[in-house]
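S.K.: Please read through the structure below; I'll follow up with questions.
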Amino acid sequence: MVVVLKTAKTACGNLIELKTFNKNLKEKKVLIIGVFHGDEPQGKYLIDEYLASTVATETHDKSILFIPCLNPDGMAKNTRTNSNGVDLNRNFPTKNWGRNEGENATCDDTTTPYFGGVTPASEAETRFVVEILAEYKPELVLTLHAPYKVVNYDGPAERAAQEISKIIGYPAEGSIGYPTPGSFGTYCGVERNIPIITLELDEEIPVEQLKDPVFKIFEKIVYL
Ligand SMILES: [Zn+2]
């Protein structure tokens, strides 16, 4: 049975939910997050399908925490940012928050889709994730993005990234190749040493075709 552990409301009043199969979280806890960016809807589809599938209900004792859609406001408008025009993946309270470091890190420019917010963790969505990390202390985190076809990792997650790479066939890489101040990878992996995988999915194939590899990753992830 799927249970809702925690909720938050966005600026537009949409609900963000933290779900799991079992309230008695015993073994290694893994947090999986979909739709950091509103124009990357694959994560919500895949997590919702997984939560509804028999494969999931038959293995319901696994301690996986899911946020199917972190950015419902952005998803409704098909924008990368949330309804305040903030890139949630630049809004985390990291040491390098707000630092302008090149093309994809113009964090103080409200006209770009990489605006990091007025203050660190200014957004309800960011604070929801920060609270969950403190409250549930996941030992591994997986976020679902698109479209780069890469298994990016931060913190001590190289081995897990390689296992995921074997399942989905994208390369495992330690750095995305450009600075990402205020990113969740930096907050979680670099500054807190929590292994985090940023899985960049293929958006050129029908999303249904991603179910097979992604469900396999969900099945294996507590053992990685
Ligand atoms: Zn993304």
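Residues are named by chain letter and number: chains run A, B, ... in the order of the structure tokens, numbers start at 1 in each chain, and ligands are numbered from 1 in the order shown.
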Excluding Thr111 in chain A and its own-chain neighbours fewer than 2 positions away, which residues fall within 12 Å of it when counting only C-alpha atoms? Please give them as a tab-separated table (two decimals) with C-alpha atoms, in the first residue's frame.
M.R.:
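So out_31.tsv came out as:
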```
chain	number	residue	atom	x	y	z
A	81	THR	CA	11.59	26.98	-13.21
A	84	ASN	CA	8.42	32.26	-9.04
A	85	GLY	CA	10.81	31.82	-11.97
A	86	VAL	CA	13.35	30.00	-9.77
A	87	ASP	CA	15.48	27.06	-10.92
A	106	THR	CA	23.79	33.23	-14.03
A	107	CYS	CA	22.03	32.82	-10.69
A	108	ASP	CA	21.09	36.44	-10.02
A	109	ASP	CA	19.54	37.01	-13.43
A	113	PRO	CA	15.88	29.79	-16.45
A	114	TYR	CA	18.81	29.36	-14.02
A	115	PHE	CA	17.76	32.06	-11.55
A	116	GLY	CA	18.73	30.78	-8.09
A	117	GLY	CA	16.10	32.70	-6.09
```
S.K.: Taking only C-alpha atoms and all ligand atoms into account, which residues are within 8 Å of ligand 1, as number ranges by chain?
M.R.: A: 35-37, 39-40, 80, 89, 144-147, 200
S.K.: Taking the DSSP secondary structure from the backbone, can you list the residues of range 190-220 of chain A that are strand (DSSP E), as a ChimeraX atom specification?
M.R.: /A:196-200
S.K.: Do you have the CA of Leu133 in chain A-CA of Lys6 in chain A distance handy?
M.R.: 12.3 Å
S.K.: Tell me, as an mmCIF file with C-alpha atoms, in the first residue's frame, which residues lie within 8 Å of Ser83 in chain A, counting only C-alpha atoms; anything in the same chain fewer than 6 positions away does not count.
M.R.:
```
data_model
loop_
_atom_site.group_PDB
_atom_site.id
_atom_site.type_symbol
_atom_site.label_atom_id
_atom_site.label_comp_id
_atom_site.auth_asym_id
_atom_site.auth_seq_id
_atom_site.Cartn_x
_atom_site.Cartn_y
_atom_site.Cartn_z
ATOM 1 C CA ALA A 11 3.311 29.122 -4.335
ATOM 2 C CA CYS A 12 0.376 28.236 -6.638
ATOM 3 C CA ASP A 73 3.801 24.585 -10.836
ATOM 4 C CA GLY A 74 6.557 24.390 -13.462
#
```
S.K.: Figure out the distance between CA of Ile217 in chain A and CA of Ile164 in chain A, please, to one decimal in Å.
M.R.: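 Separation of CA of Ile164 in chain A and CA of Ile217 in chain A: 6.3 Å.
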S.K.: Give me the residues near Gly34 in chain A as a list in words, where near means some atom within 10 Å (using only C-alpha atoms) and where sequence neighbours in that chain fewer than 2 positions away do not count.
M.R.: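 Once the nearby chain positions are removed, what remains is Ile32, Phe36, His37, Gly38, Glu40, Pro41, Gln42, Gly43, Lys44, Tyr45, Leu46, Ile47, Asp48, Phe66, Ile67, Pro68, Cys69, Leu70, Asn71, Leu142, Thr143, Leu144 and His145 of chain A.
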S.K.: Which residue is closest to Ala8 in chain A? Choose from A:Ala160, A:Ile132, A:Val30, A:Val150 and count only C-alpha atoms.
M.R.: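 Closest to Ala8 in chain A, using only C-alpha atoms: A:Ile132.
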S.K.: Give me, as a list in words, all polymer residues having an atom no more than 10 Å from Pro213 in chain A, counting only C-alpha atoms and skipping those fewer than 5 positions away in the same chain.
M.R.: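 The residues satisfying every condition are Ile164, Lys166, Ile167, Ile168, Gly169, Phe218 and Glu219 of chain A.
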S.K.: Filtering to N, CA and C atoms, could you give me those residues as a PDB file, in the first residue's frame?
M.R.:
```pdb
ATOM      1  N   ILE A 164      23.931   1.576 -12.163  1.00  0.00           N
ATOM      2  CA  ILE A 164      22.796   2.159 -12.885  1.00  0.00           C
ATOM      3  C   ILE A 164      23.146   2.306 -14.369  1.00  0.00           C
ATOM      4  N   LYS A 166      25.056   0.381 -16.060  1.00  0.00           N
ATOM      5  CA  LYS A 166      24.962  -0.953 -16.675  1.00  0.00           C
ATOM      6  C   LYS A 166      23.525  -1.283 -17.055  1.00  0.00           C
ATOM      7  N   ILE A 167      22.563  -0.845 -16.228  1.00  0.00           N
ATOM      8  CA  ILE A 167      21.156  -1.153 -16.492  1.00  0.00           C
ATOM      9  C   ILE A 167      20.628  -0.321 -17.660  1.00  0.00           C
ATOM     10  N   ILE A 168      20.936   0.968 -17.667  1.00  0.00           N
ATOM     11  CA  ILE A 168      20.276   1.863 -18.628  1.00  0.00           C
ATOM     12  C   ILE A 168      21.136   2.186 -19.850  1.00  0.00           C
ATOM     13  N   GLY A 169      22.445   1.906 -19.760  1.00  0.00           N
ATOM     14  CA  GLY A 169      23.311   2.080 -20.919  1.00  0.00           C
ATOM     15  C   GLY A 169      23.813   3.503 -21.167  1.00  0.00           C
ATOM     16  N   PHE A 218      14.848   1.043  -9.902  1.00  0.00           N
ATOM     17  CA  PHE A 218      14.096   1.173  -8.644  1.00  0.00           C
ATOM     18  C   PHE A 218      14.155  -0.133  -7.836  1.00  0.00           C
ATOM     19  N   GLU A 219      14.104  -1.273  -8.525  1.00  0.00           N
ATOM     20  CA  GLU A 219      14.140  -2.576  -7.848  1.00  0.00           C
ATOM     21  C   GLU A 219      15.487  -2.835  -7.192  1.00  0.00           C
TER      22      GLU A 219
END
```
